[in-house]
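> My structure is stored as final00.txt, with compact mmCIF, C-alpha atoms.
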```
# COMPACT_ATOMS: atom_id res chain seq x y z
CA MET A 1 49.82 -124.50 64.20
CA ILE A 2 49.87 -128.23 63.77
CA PRO A 3 48.80 -130.93 66.22
CA ALA A 4 51.26 -133.10 68.14
CA SER A 5 52.04 -136.43 66.45
CA PHE A 6 49.41 -139.14 66.49
CA GLU A 7 48.40 -142.23 64.57
CA TYR A 8 45.40 -141.99 62.30
CA HIS A 9 42.87 -144.80 61.83
CA ARG A 10 39.97 -144.61 59.44
CA ALA A 11 37.10 -146.83 60.63
CA ARG A 12 34.75 -148.28 58.01
CA THR A 13 32.15 -149.73 60.37
CA ILE A 14 30.92 -149.18 63.93
CA ASP A 15 32.51 -152.47 64.99
CA GLU A 16 35.85 -151.42 63.53
CA ALA A 17 35.67 -148.12 65.42
CA LEU A 18 34.88 -149.96 68.67
CA GLU A 19 37.78 -152.40 68.13
CA LEU A 20 40.16 -149.49 67.61
CA LEU A 21 38.85 -147.77 70.74
CA ALA A 22 39.25 -150.98 72.75
CA LYS A 23 42.79 -151.44 71.43
CA TYR A 24 44.09 -147.94 72.15
CA GLY A 25 42.00 -147.17 75.22
CA GLU A 26 42.15 -143.72 76.74
CA ASP A 27 44.93 -142.70 74.36
CA ALA A 28 42.38 -142.68 71.51
CA LYS A 29 39.90 -139.99 70.54
CA ILE A 30 37.02 -140.26 68.12
CA LEU A 31 37.31 -137.90 65.15
CA ALA A 32 33.90 -137.13 63.65
CA GLY A 33 33.76 -133.74 61.89
CA GLY A 34 36.87 -132.50 63.68
CA GLN A 35 35.61 -128.93 63.90
CA SER A 36 36.15 -128.81 67.67
CA LEU A 37 38.74 -131.56 68.19
CA LEU A 38 41.22 -130.44 65.51
CA PRO A 39 41.33 -126.82 66.75
CA MET A 40 41.94 -128.14 70.29
CA MET A 41 44.73 -130.39 69.00
CA LYS A 42 46.29 -127.49 67.08
CA LEU A 43 46.34 -125.46 70.29
CA ARG A 44 47.75 -128.56 72.05
CA LEU A 45 44.82 -128.50 74.47
CA ALA A 46 44.37 -132.12 73.39
CA SER A 47 47.12 -134.50 72.26
CA PRO A 48 45.62 -137.95 71.74
CA GLY A 49 48.02 -140.64 70.54
CA HIS A 50 45.42 -142.14 68.21
CA LEU A 51 42.55 -140.71 66.21
CA VAL A 52 39.73 -143.00 65.13
CA ASP A 53 38.02 -141.30 62.19
CA ILE A 54 34.31 -142.20 61.97
CA SER A 55 33.40 -139.55 59.41
CA GLU A 56 33.01 -142.15 56.66
CA VAL A 57 31.10 -144.82 58.55
CA ALA A 58 27.92 -145.03 56.45
CA GLN A 59 25.86 -146.57 59.29
CA LEU A 60 26.55 -143.50 61.39
CA LYS A 61 25.08 -141.14 58.81
CA GLU A 62 21.59 -142.64 58.56
CA LEU A 63 18.54 -140.55 59.33
CA ARG A 64 15.18 -142.29 59.58
CA GLU A 65 11.99 -142.60 61.56
CA ALA A 66 10.64 -145.81 63.07
CA ASP A 67 8.11 -146.53 65.83
CA GLY A 68 7.60 -142.92 66.83
CA LEU A 69 11.32 -142.23 67.07
CA ILE A 70 13.45 -140.11 64.79
CA ARG A 71 16.84 -141.84 64.70
CA ILE A 72 19.86 -139.86 63.60
CA GLY A 73 23.32 -141.37 63.10
CA ALA A 74 25.93 -139.65 65.23
CA ALA A 75 28.09 -138.72 62.22
CA ALA A 76 25.27 -136.96 60.34
CA THR A 77 26.59 -133.51 59.46
CA GLU A 78 24.89 -130.22 60.25
CA THR A 79 24.38 -129.78 56.49
CA ALA A 80 22.64 -133.18 56.34
CA LEU A 81 20.34 -132.10 59.19
CA LEU A 82 19.56 -128.86 57.37
CA HIS A 83 18.69 -130.67 54.14
CA SER A 84 16.64 -133.45 55.72
CA ALA A 85 13.02 -133.41 54.53
CA LEU A 86 12.14 -135.77 57.40
CA LEU A 87 13.38 -133.29 60.00
CA ARG A 88 11.85 -130.29 58.24
CA GLY A 89 8.47 -132.04 58.23
CA LYS A 90 8.47 -133.73 61.63
CA CYS A 91 11.02 -132.02 63.83
CA PRO A 92 12.01 -128.60 62.46
CA LEU A 93 13.72 -127.53 65.71
CA ILE A 94 16.86 -129.55 64.87
CA GLY A 95 17.38 -127.89 61.48
CA GLU A 96 16.54 -124.48 62.93
CA ALA A 97 19.39 -124.91 65.41
CA ALA A 98 21.78 -126.42 62.83
CA ALA A 99 21.32 -123.36 60.61
CA GLN A 100 22.63 -121.19 63.46
CA ILE A 101 25.82 -123.22 63.99
CA GLY A 102 29.14 -122.13 62.50
CA ASP A 103 29.08 -121.29 58.81
CA PRO A 104 28.54 -123.34 55.62
CA GLN A 105 32.04 -124.86 55.63
CA ILE A 106 31.87 -125.80 59.33
CA ARG A 107 28.40 -127.30 58.87
CA ASN A 108 29.69 -129.51 56.04
CA ARG A 109 32.07 -131.21 58.48
CA GLY A 110 30.59 -130.78 61.96
CA THR A 111 28.34 -133.59 63.18
CA LEU A 112 25.40 -133.90 65.55
CA GLY A 113 27.14 -136.60 67.59
CA GLY A 114 30.30 -134.55 67.88
CA ASN A 115 28.36 -131.48 68.94
CA LEU A 116 26.69 -133.51 71.73
CA ALA A 117 29.67 -135.60 72.86
CA HIS A 118 32.17 -132.74 73.02
CA GLY A 119 30.48 -131.29 76.11
CA ASP A 120 31.19 -127.65 75.27
CA PRO A 121 28.46 -125.53 76.90
CA GLY A 122 28.58 -123.26 73.83
CA ASN A 123 27.36 -126.05 71.57
CA ASP A 124 23.77 -125.64 70.44
CA HIS A 125 22.39 -129.17 70.01
CA PRO A 126 22.53 -130.21 73.70
CA SER A 127 19.79 -127.81 74.83
CA VAL A 128 17.76 -128.60 71.71
CA MET A 129 17.95 -132.32 72.46
CA ILE A 130 17.04 -131.77 76.11
CA ALA A 131 14.00 -129.71 75.06
CA LEU A 132 13.01 -132.52 72.67
CA GLY A 133 13.33 -135.20 75.36
CA ALA A 134 15.93 -137.01 73.22
CA SER A 135 18.31 -139.82 74.21
CA VAL A 136 21.61 -141.01 72.79
CA ILE A 137 22.80 -144.55 72.24
CA ALA A 138 26.31 -145.37 73.45
CA ARG A 139 27.96 -148.58 72.34
CA GLY A 140 30.98 -150.05 74.10
CA PRO A 141 32.63 -153.30 75.20
CA ALA A 142 29.70 -154.08 77.53
CA GLY A 143 27.08 -153.52 74.83
CA GLU A 144 24.65 -150.74 74.25
CA ARG A 145 23.26 -148.12 76.65
CA ARG A 146 20.52 -145.57 76.18
CA LEU A 147 21.32 -142.28 77.87
CA PRO A 148 18.72 -139.51 78.20
CA MET A 149 20.15 -136.14 77.16
CA ASP A 150 18.73 -134.67 80.36
CA GLY A 151 21.48 -135.71 82.76
CA PHE A 152 24.01 -136.60 80.04
CA TYR A 153 26.37 -133.80 81.06
CA ARG A 154 28.39 -134.04 84.26
CA GLY A 155 30.26 -130.76 83.84
CA LEU A 156 32.39 -128.78 81.44
CA TYR A 157 33.52 -131.15 78.64
CA ASP A 158 32.38 -134.06 80.79
CA THR A 159 29.61 -136.48 79.81
CA GLN A 160 28.26 -139.89 80.83
CA LEU A 161 30.18 -141.49 77.93
CA GLU A 162 32.90 -143.92 79.03
CA PRO A 163 36.30 -143.77 77.28
CA LEU A 164 35.69 -146.98 75.31
CA GLU A 165 32.17 -146.03 74.29
CA LEU A 166 31.07 -144.59 70.97
CA LEU A 167 28.00 -142.39 70.66
CA THR A 168 26.26 -144.08 67.72
CA GLU A 169 22.77 -142.65 67.47
CA ILE A 170 20.47 -139.88 68.65
CA GLN A 171 16.84 -140.83 69.28
CA VAL A 172 14.20 -138.12 69.29
CA PRO A 173 10.54 -138.87 70.08
CA THR A 174 8.59 -137.67 67.02
CA PRO A 175 6.59 -134.64 68.16
CA PRO A 176 2.82 -135.23 67.85
CA ALA A 177 0.40 -133.08 65.82
CA ARG A 178 -0.12 -129.54 67.15
CA SER A 179 3.51 -129.17 68.15
CA GLY A 180 5.66 -126.10 67.77
CA ALA A 181 9.28 -125.28 68.52
CA ALA A 182 11.81 -122.49 68.31
CA TYR A 183 15.54 -122.01 68.90
CA LEU A 184 16.42 -118.41 69.67
CA LYS A 185 20.13 -117.67 69.71
CA LEU A 186 21.69 -114.31 70.38
CA LYS A 187 25.16 -114.05 68.87
CA ARG A 188 27.31 -111.15 67.76
CA LYS A 189 27.98 -112.51 64.29
CA ILE A 190 27.73 -115.65 62.20
CA GLY A 191 29.91 -118.44 63.51
CA ASP A 192 29.87 -117.29 67.13
CA PHE A 193 28.80 -119.26 70.13
CA ALA A 194 25.65 -117.96 71.81
CA THR A 195 25.71 -115.03 74.20
CA ALA A 196 22.57 -116.84 75.34
CA ALA A 197 20.16 -119.17 73.55
CA SER A 198 16.89 -120.88 74.40
CA ALA A 199 15.31 -124.03 72.94
CA VAL A 200 11.57 -124.66 73.30
CA GLN A 201 9.56 -127.66 72.11
CA LEU A 202 5.87 -127.79 73.07
CA SER A 203 2.69 -129.67 72.14
CA LEU A 204 -0.89 -128.50 72.62
CA GLY A 205 -3.77 -130.67 73.85
CA GLU A 206 -7.48 -130.16 74.68
CA GLY A 207 -8.55 -126.53 74.67
CA ASP A 208 -5.06 -125.35 73.61
CA THR A 209 -3.57 -126.32 76.95
CA CYS A 210 0.10 -127.24 77.04
CA ALA A 211 0.29 -131.05 76.85
CA ARG A 212 4.07 -131.28 76.83
CA ILE A 213 6.86 -128.76 77.06
CA GLY A 214 10.64 -128.85 77.07
CA ILE A 215 12.75 -125.73 77.65
CA ALA A 216 16.55 -125.59 77.85
CA LEU A 217 19.25 -122.91 77.67
CA THR A 218 22.61 -122.85 75.87
CA ASN A 219 25.88 -121.29 77.08
CA VAL A 220 24.71 -119.60 80.26
CA ALA A 221 26.13 -122.21 82.68
CA PRO A 222 28.92 -124.84 82.64
CA MET A 223 26.31 -127.25 81.20
CA PRO A 224 23.10 -126.89 79.23
CA LEU A 225 20.30 -125.94 81.60
CA ARG A 226 16.93 -127.64 81.56
CA LEU A 227 14.30 -125.24 82.93
CA SER A 228 12.18 -127.77 84.84
CA GLY A 229 10.60 -124.99 86.92
CA ALA A 230 9.37 -123.12 83.87
CA GLU A 231 8.17 -126.37 82.31
CA ALA A 232 6.15 -127.18 85.44
CA LEU A 233 4.70 -123.67 85.44
CA LEU A 234 3.38 -124.02 81.87
CA ALA A 235 2.42 -127.72 81.73
CA GLY A 236 -1.32 -128.33 81.59
CA LYS A 237 -2.17 -124.63 81.27
CA ARG A 238 -3.26 -122.35 78.47
CA ILE A 239 -0.07 -120.41 77.81
CA THR A 240 -0.66 -116.68 78.28
CA ALA A 241 1.64 -113.69 77.85
CA GLU A 242 1.75 -113.46 81.64
CA LEU A 243 2.93 -117.08 82.00
CA ILE A 244 5.54 -116.52 79.28
CA GLU A 245 6.81 -113.53 81.25
CA GLN A 246 7.10 -115.63 84.41
CA ALA A 247 8.92 -118.39 82.50
CA ALA A 248 11.37 -115.82 81.08
CA GLN A 249 12.10 -114.62 84.61
CA ILE A 250 12.78 -118.21 85.69
CA ALA A 251 15.25 -118.48 82.78
CA THR A 252 17.08 -115.33 83.86
CA GLY A 253 17.22 -116.54 87.45
CA ALA A 254 18.58 -119.97 86.49
CA CYS A 255 21.66 -118.66 84.68
CA ASP A 256 25.18 -119.13 85.95
CA ALA A 257 26.99 -117.42 83.07
CA ALA A 258 30.55 -116.14 83.21
CA ASP A 259 31.61 -112.55 82.56
CA ASP A 260 33.50 -112.95 79.31
CA PHE A 261 33.80 -111.54 75.79
CA HIS A 262 30.13 -112.43 75.26
CA GLY A 263 29.23 -109.82 77.86
CA PRO A 264 28.76 -109.44 81.63
CA SER A 265 26.96 -112.31 83.36
CA GLU A 266 23.96 -110.16 84.22
CA TYR A 267 23.47 -109.15 80.59
CA ARG A 268 23.70 -112.78 79.49
CA ALA A 269 21.12 -113.80 82.10
CA GLN A 270 18.76 -111.06 80.89
CA MET A 271 19.30 -112.18 77.30
CA ALA A 272 18.56 -115.81 78.27
CA GLY A 273 15.23 -114.49 79.59
CA GLU A 274 14.56 -112.57 76.39
CA MET A 275 15.48 -115.53 74.18
CA THR A 276 13.14 -117.73 76.26
CA ARG A 277 10.33 -115.16 75.98
CA ARG A 278 10.68 -115.10 72.17
CA ALA A 279 11.17 -118.87 71.83
CA LEU A 280 8.03 -119.56 73.86
CA ALA A 281 5.94 -117.07 71.89
CA GLY A 282 7.28 -118.44 68.59
CA ALA A 283 6.80 -122.09 69.52
CA LEU A 284 3.26 -121.40 70.73
CA GLU A 285 2.30 -119.64 67.51
CA ARG A 286 3.74 -122.49 65.45
CA ALA A 287 1.91 -125.12 67.53
CA ARG A 288 -1.40 -123.31 67.00
CA ARG A 289 -0.82 -123.38 63.24
CA ASP A 290 0.41 -127.02 63.18
CA MET B 1 54.13 -143.05 65.68
CA GLY B 2 53.45 -140.17 63.31
CA ASP B 3 55.09 -142.02 60.39
CA LYS B 4 54.58 -140.62 56.93
CA ASN B 5 51.97 -142.32 54.81
CA VAL B 6 51.45 -142.32 51.08
CA LEU B 7 48.41 -140.23 50.33
CA ARG B 8 46.60 -140.26 46.99
CA PHE B 9 43.83 -137.98 45.85
CA THR B 10 42.60 -136.06 42.84
CA LEU B 11 43.60 -132.40 42.78
CA ASN B 12 41.95 -130.24 40.14
CA GLY B 13 41.32 -133.31 38.01
CA ARG B 14 44.88 -134.62 38.30
CA GLN B 15 45.85 -137.71 40.33
CA VAL B 16 48.47 -136.76 42.95
CA GLU B 17 50.53 -138.75 45.41
CA VAL B 18 52.36 -137.32 48.41
CA LEU B 19 53.99 -138.45 51.63
CA ALA B 20 52.39 -136.89 54.67
CA GLU B 21 52.34 -137.29 58.43
CA PRO B 22 48.86 -137.75 59.91
CA ARG B 23 49.17 -134.46 61.76
CA GLU B 24 49.72 -132.43 58.60
CA LEU B 25 46.65 -130.35 57.81
CA LEU B 26 45.19 -130.49 54.33
CA VAL B 27 46.20 -126.87 53.69
CA HIS B 28 49.84 -127.75 54.49
CA VAL B 29 49.76 -130.73 52.15
CA LEU B 30 48.38 -128.58 49.35
CA ARG B 31 50.78 -125.68 49.83
CA GLU B 32 53.97 -127.32 51.01
CA GLN B 33 53.92 -130.75 49.39
CA LEU B 34 52.13 -129.88 46.17
CA GLY B 35 53.17 -126.25 45.75
CA GLN B 36 49.58 -125.11 45.25
CA THR B 37 49.85 -121.85 47.16
CA GLY B 38 46.59 -120.30 45.94
CA THR B 39 44.91 -121.73 49.03
CA HIS B 40 45.86 -119.30 51.78
CA ILE B 41 46.45 -119.72 55.49
CA GLY B 42 44.74 -116.84 57.27
CA CYS B 43 43.66 -117.34 60.86
CA GLU B 44 44.44 -121.08 61.12
CA THR B 45 41.53 -121.32 63.54
CA SER B 46 38.69 -122.09 61.07
CA HIS B 47 37.21 -118.60 61.32
CA CYS B 48 38.41 -116.71 58.24
CA GLY B 49 37.83 -119.15 55.37
CA ALA B 50 40.94 -118.12 53.38
CA CYS B 51 41.88 -121.82 53.25
CA THR B 52 38.53 -122.92 51.77
CA VAL B 53 38.78 -125.76 49.25
CA ASP B 54 36.26 -128.08 47.66
CA LEU B 55 36.41 -131.63 49.10
CA ASN B 56 34.18 -134.21 47.39
CA GLY B 57 31.78 -131.52 46.27
CA GLU B 58 31.58 -129.65 49.57
CA SER B 59 33.31 -126.50 50.77
CA VAL B 60 35.59 -127.11 53.74
CA LYS B 61 38.21 -125.15 55.64
CA SER B 62 41.43 -126.97 54.81
CA CYS B 63 43.10 -125.79 58.04
CA THR B 64 40.57 -127.92 59.94
CA VAL B 65 40.77 -131.12 57.90
CA LEU B 66 43.69 -133.53 58.09
CA GLY B 67 45.60 -134.28 54.92
CA VAL B 68 45.10 -138.02 55.52
CA GLN B 69 41.34 -137.44 55.43
CA ALA B 70 41.69 -136.48 51.77
CA GLU B 71 42.80 -140.03 50.84
CA GLY B 72 40.80 -140.99 47.74
CA ALA B 73 39.01 -137.63 47.64
CA GLU B 74 38.43 -135.16 44.85
CA ILE B 75 39.75 -131.72 45.68
CA ILE B 76 39.31 -128.47 43.80
CA THR B 77 41.37 -125.41 44.71
CA VAL B 78 41.44 -121.93 43.18
CA GLU B 79 44.06 -123.23 40.72
CA GLY B 80 41.38 -125.52 39.29
CA LEU B 81 38.75 -122.88 38.55
CA ALA B 82 40.05 -121.51 35.21
CA LYS B 83 39.75 -123.89 32.26
CA ASP B 84 41.80 -123.77 29.05
CA GLY B 85 43.20 -120.37 29.89
CA LYS B 86 39.74 -118.92 30.42
CA LEU B 87 38.66 -117.54 33.78
CA HIS B 88 35.73 -119.16 35.56
CA PRO B 89 32.67 -116.85 35.67
CA VAL B 90 33.27 -116.42 39.42
CA GLN B 91 36.82 -115.19 38.76
CA GLU B 92 35.60 -112.95 35.96
CA GLY B 93 32.95 -111.52 38.29
CA PHE B 94 35.56 -110.67 40.93
CA MET B 95 37.58 -108.82 38.27
CA GLN B 96 34.65 -106.99 36.68
CA GLU B 97 32.99 -105.97 39.95
CA HIS B 98 36.21 -105.00 41.73
CA ALA B 99 35.49 -107.55 44.47
CA LEU B 100 39.00 -107.59 45.91
CA GLN B 101 41.47 -105.13 47.31
CA CYS B 102 44.41 -106.84 49.03
CA GLY B 103 43.32 -110.18 47.54
CA PHE B 104 44.26 -112.37 50.47
CA CYS B 105 40.76 -113.74 51.10
CA THR B 106 39.91 -113.94 47.39
CA PRO B 107 40.91 -117.54 46.52
CA GLY B 108 38.91 -118.94 49.44
CA ILE B 109 35.86 -116.83 48.66
CA MET B 110 35.98 -117.73 44.98
CA VAL B 111 36.21 -121.45 45.69
CA ARG B 112 33.30 -121.10 48.13
CA ALA B 113 31.27 -119.04 45.59
CA PHE B 114 31.97 -121.67 42.91
CA ARG B 115 30.43 -124.39 45.10
CA PHE B 116 27.66 -122.15 46.43
CA LEU B 117 26.44 -121.40 42.89
CA ASN B 118 26.34 -125.15 42.23
CA GLU B 119 24.16 -125.59 45.31
CA ASN B 120 22.01 -122.54 44.66
CA PRO B 121 22.20 -121.39 41.01
CA ASP B 122 19.74 -118.52 41.40
CA PRO B 123 20.35 -116.97 44.82
CA SER B 124 19.01 -113.76 46.34
CA ASP B 125 21.55 -111.24 47.66
CA GLU B 126 20.66 -112.38 51.18
CA GLU B 127 21.39 -116.00 50.24
CA ILE B 128 24.72 -114.96 48.70
CA ARG B 129 25.68 -113.24 51.95
CA LEU B 130 24.78 -116.33 53.98
CA GLY B 131 26.46 -118.55 51.39
CA VAL B 132 29.84 -116.84 51.82
CA SER B 133 29.36 -116.14 55.53
CA GLY B 134 32.23 -118.49 56.39
CA ASN B 135 34.70 -116.22 54.59
CA LEU B 136 35.99 -112.98 56.07
CA CYS B 137 37.16 -110.02 53.99
CA ARG B 138 38.71 -107.08 55.81
CA CYS B 139 38.96 -104.75 52.80
CA THR B 140 35.86 -104.62 50.66
CA GLY B 141 32.92 -104.46 53.02
CA TYR B 142 31.49 -107.37 51.01
CA GLN B 143 29.30 -105.20 48.75
CA ASN B 144 31.30 -105.91 45.61
CA ILE B 145 31.78 -109.54 46.57
CA VAL B 146 28.00 -109.94 46.53
CA LYS B 147 27.92 -108.19 43.14
CA ALA B 148 30.65 -110.50 41.81
CA VAL B 149 28.78 -113.62 42.87
CA ARG B 150 25.62 -112.16 41.31
CA TYR B 151 27.61 -111.49 38.08
CA ALA B 152 28.78 -115.12 38.03
CA ALA B 153 25.27 -116.41 38.74
CA ASN B 154 23.91 -114.43 35.78
CA LYS B 155 26.73 -115.52 33.50
CA LEU B 156 26.31 -119.20 34.45
CA LYS B 157 22.56 -118.90 33.97
CA ALA B 158 23.04 -117.46 30.47
CA ALA B 159 25.48 -120.28 29.64
CA ARG B 160 22.93 -122.88 30.80
CA ALA B 161 20.20 -121.25 28.70
CA GLN B 162 22.44 -121.50 25.64
CA ALA B 163 23.43 -125.09 26.23
```
Using C-alpha cells, write down the structure that the file contains.

Amino acid sequence: MIPASFEYHRARTIDEALELLAKYGEDAKILAGGQSLLPMMKLRLASPGHLVDISEVAQLKELREADGLIRIGAAATETALLHSALLRGKCPLIGEAAAQIGDPQIRNRGTLGGNLAHGDPGNDHPSVMIALGASVIARGPAGERRLPMDGFYRGLYDTQLEPLELLTEIQVPTPPARSGAAYLKLKRKIGDFATAASAVQLSLGEGDTCARIGIALTNVAPMPLRLSGAEALLAGKRITAELIEQAAQIATGACDAADDFHGPSEYRAQMAGEMTRRALAGALERARRD
Amino acid sequence: MGDKNVLRFTLNGRQVEVLAEPRELLVHVLREQLGQTGTHIGCETSHCGACTVDLNGESVKSCTVLGVQAEGAEIITVEGLAKDGKLHPVQEGFMQEHALQCGFCTPGIMVRAFRFLNENPDPSDEEIRLGVSGNLCRCTGYQNIVKAVRYAANKLKAARAQA
C-alpha cells in the first residue's frame, strides 16, 4: 500500500508554506502529522499532486498564553499537548482529550491543527474546542481570518478553510478560576474513534451557579454537535442531578449517529447521553474544587 | 513528478544515503533500500505497531511516515538495540520472560519499549501497558511482554545505580 506519486515540499516557515500553497493551488495538501492524510493516500482516497510538509515549521509548534488567550500552534503534536505544563495548569481539558487519541506513536506525529482541519467527525479535538469556545486562525493570500470553532464545520470532511489557506493557530480563552472540565469518550479499545464522546467546560459564579458552560459531542453526527439547548438549560442555574439528567436526555435526542461497527444508532445516542451525564458531573466536581 | 531524491539520515548511528521517491514510506526505505528487515510490515494501516521505529527520539509507525520526512533524522531500528554483541536489556527481558511466541510483533514492541523506558524509567505495570498500547500482539496476551519490560526497567535501573 503506497500512495500515488506526488511531489514533496518541506516548508521551513509559515510564509514558505503559504507560497507553496499559492503556487500549487488545489492540487496541494498540507501534511502536518500525516496520521490521517497518509492512510487516506495509501488507500487512494486522496491523491494530491503536491504535499506541503509543515511538521517542522517551528512557529507552528509554539504554545503560550497572552492576554487571556491560550495560543497553540497548529502543528503542536498530541504528545506536546499532553506534556504542556501550561495546559495542565490552565486548560486540562485539551490534554485529557489528547490522552484518549490514538496511541503513543500516533500522538507523537498527530497534530492539533490536523485533527481540527481534517473534518473527520471521529476526531476528538473539534468538540473539545467548541466546548471551550475556541477559534482558529487561518492565513491565506487575502491575509488572516479568525474562525470560531462553533460553525467551523460545514459537513463531513468539509470546513470553512479555503484551499489556499493554512490553519496556523488555535486560540482558547483561558478558563477563569472555579472552572472544571471533562472529556468522556466511550471506545472499544485504545486507538479507536469514539462510539460516543462528550466534552464539557464550565465555570461557576456567585452561589455556585453556572456562569459559563460549553457542551459538545464527538462522532454521533456528520459534524461535531454543540448542545446549545443543554447549555441554555444549565446557564445561570445551580447544577443539580435533575438538571444533569435533563441535559443528558437532550444529548441523546440531538444525535444523528449511523448504524456502524461502533454499534446501532440508538445505542450510540444513549451512550452520548451517558457520556454527557458523566462529563457534566465530573466537570462540576472539578469546578467546585478549583 | 515523483522523481527520486537523494535522502540522507543516520540509521543506528551510521550515516546512510539512499534514492527514494517521495511516496515511498519510511518502512519501505528501511526494508527495501537498506535491507534492514527487522522492522516489520504488519497491518500497513498504523494500527498494529509492528513497523515502530525511533525517529529523532520518538516512537513512530514507519508505515505512516514518508521516507523523505526522515531527511537529516536519527533513526533507531531493532537492529540498533544490541551493542558490541550484547543484547539490550529490553531484548534480554523478552528472552528471559518468554515475551514472544511467533515473534512478528517483537521488533516493534522492543523498539517502543526501549524508548518508553527512556521516557519513563520507573513505570508501573499500568503505565507499561499504556506505553506499549500502540503495539498489537496476537500470541502472548501481553502478560509476559509487561514482565519483559519490567525486567528491562529493573536491569537498566541497576546499571544506573552502578554508574
> Could you list, as a PyMOL selection string, every residue of chain A that has an atom within 12 Å of an atom of chain B, counting only C-alpha atoms?
chain A and resi 1-11+31-44+47-56+77+79-80+83+99-110+189-192
> Within 10 Å of (27.2, -140.6, 80.9) in the file's own coordinates, which protein, DNA or RNA residues have an atom, counting only C-alpha atoms? List them as a list of chain:residue names.
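Within 10 Å of (27.2, -140.6, 80.9), the protein and nucleic acid residues are A:Ala117, A:Val136, A:Ala138, A:Arg145, A:Arg146, A:Leu147, A:Pro148, A:Met149, A:Gly151, A:Phe152, A:Tyr153, A:Arg154, A:Asp158, A:Thr159, A:Gln160, A:Leu161, A:Glu162, A:Glu165.
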> Please provide the set of residues having any atom within 8 Å of Thr10 (chain B), restricted to all atoms listed in the file, with same-chain residues fewer than 5 positions apart removed, written as a PDB file with C-alpha atoms, in the coordinates of the input.

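What follows is the written file result-v1.pdb:
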```pdb
ATOM      1  CA  GLN B  15      45.850-137.710  40.330  1.00  0.00           C
ATOM      2  CA  VAL B  16      48.470-136.760  42.950  1.00  0.00           C
ATOM      3  CA  GLY B  72      40.800-140.990  47.740  1.00  0.00           C
ATOM      4  CA  ALA B  73      39.010-137.630  47.640  1.00  0.00           C
ATOM      5  CA  GLU B  74      38.430-135.160  44.850  1.00  0.00           C
ATOM      6  CA  ILE B  75      39.750-131.720  45.680  1.00  0.00           C
TER       7      ILE B  75
END
```
> Please, what distance in Å, to one decimal, runs between CA of Gly25 (chain A) and CA of Ile170 (chain A)?
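CA of Ile170 (chain A) lies 23.7 Å from CA of Gly25 (chain A).
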> Looking at all atoms listed in the file, which of A:Arg139, A:Arg268, A:Arg226, A:Lys90 is the one that sits closest to Ile213 (chain A)?
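The answer is A:Arg226, which sits nearest to Ile213 (chain A).
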> By how many Å are CA of Leu7 (chain B) and CA of Ala70 (chain B) apart?
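These two atoms are separated by 7.8 Å.
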> Just how far from CA of Leu112 (chain A) is CA of Ala76 (chain A), in Å to one decimal?
6.0 Å
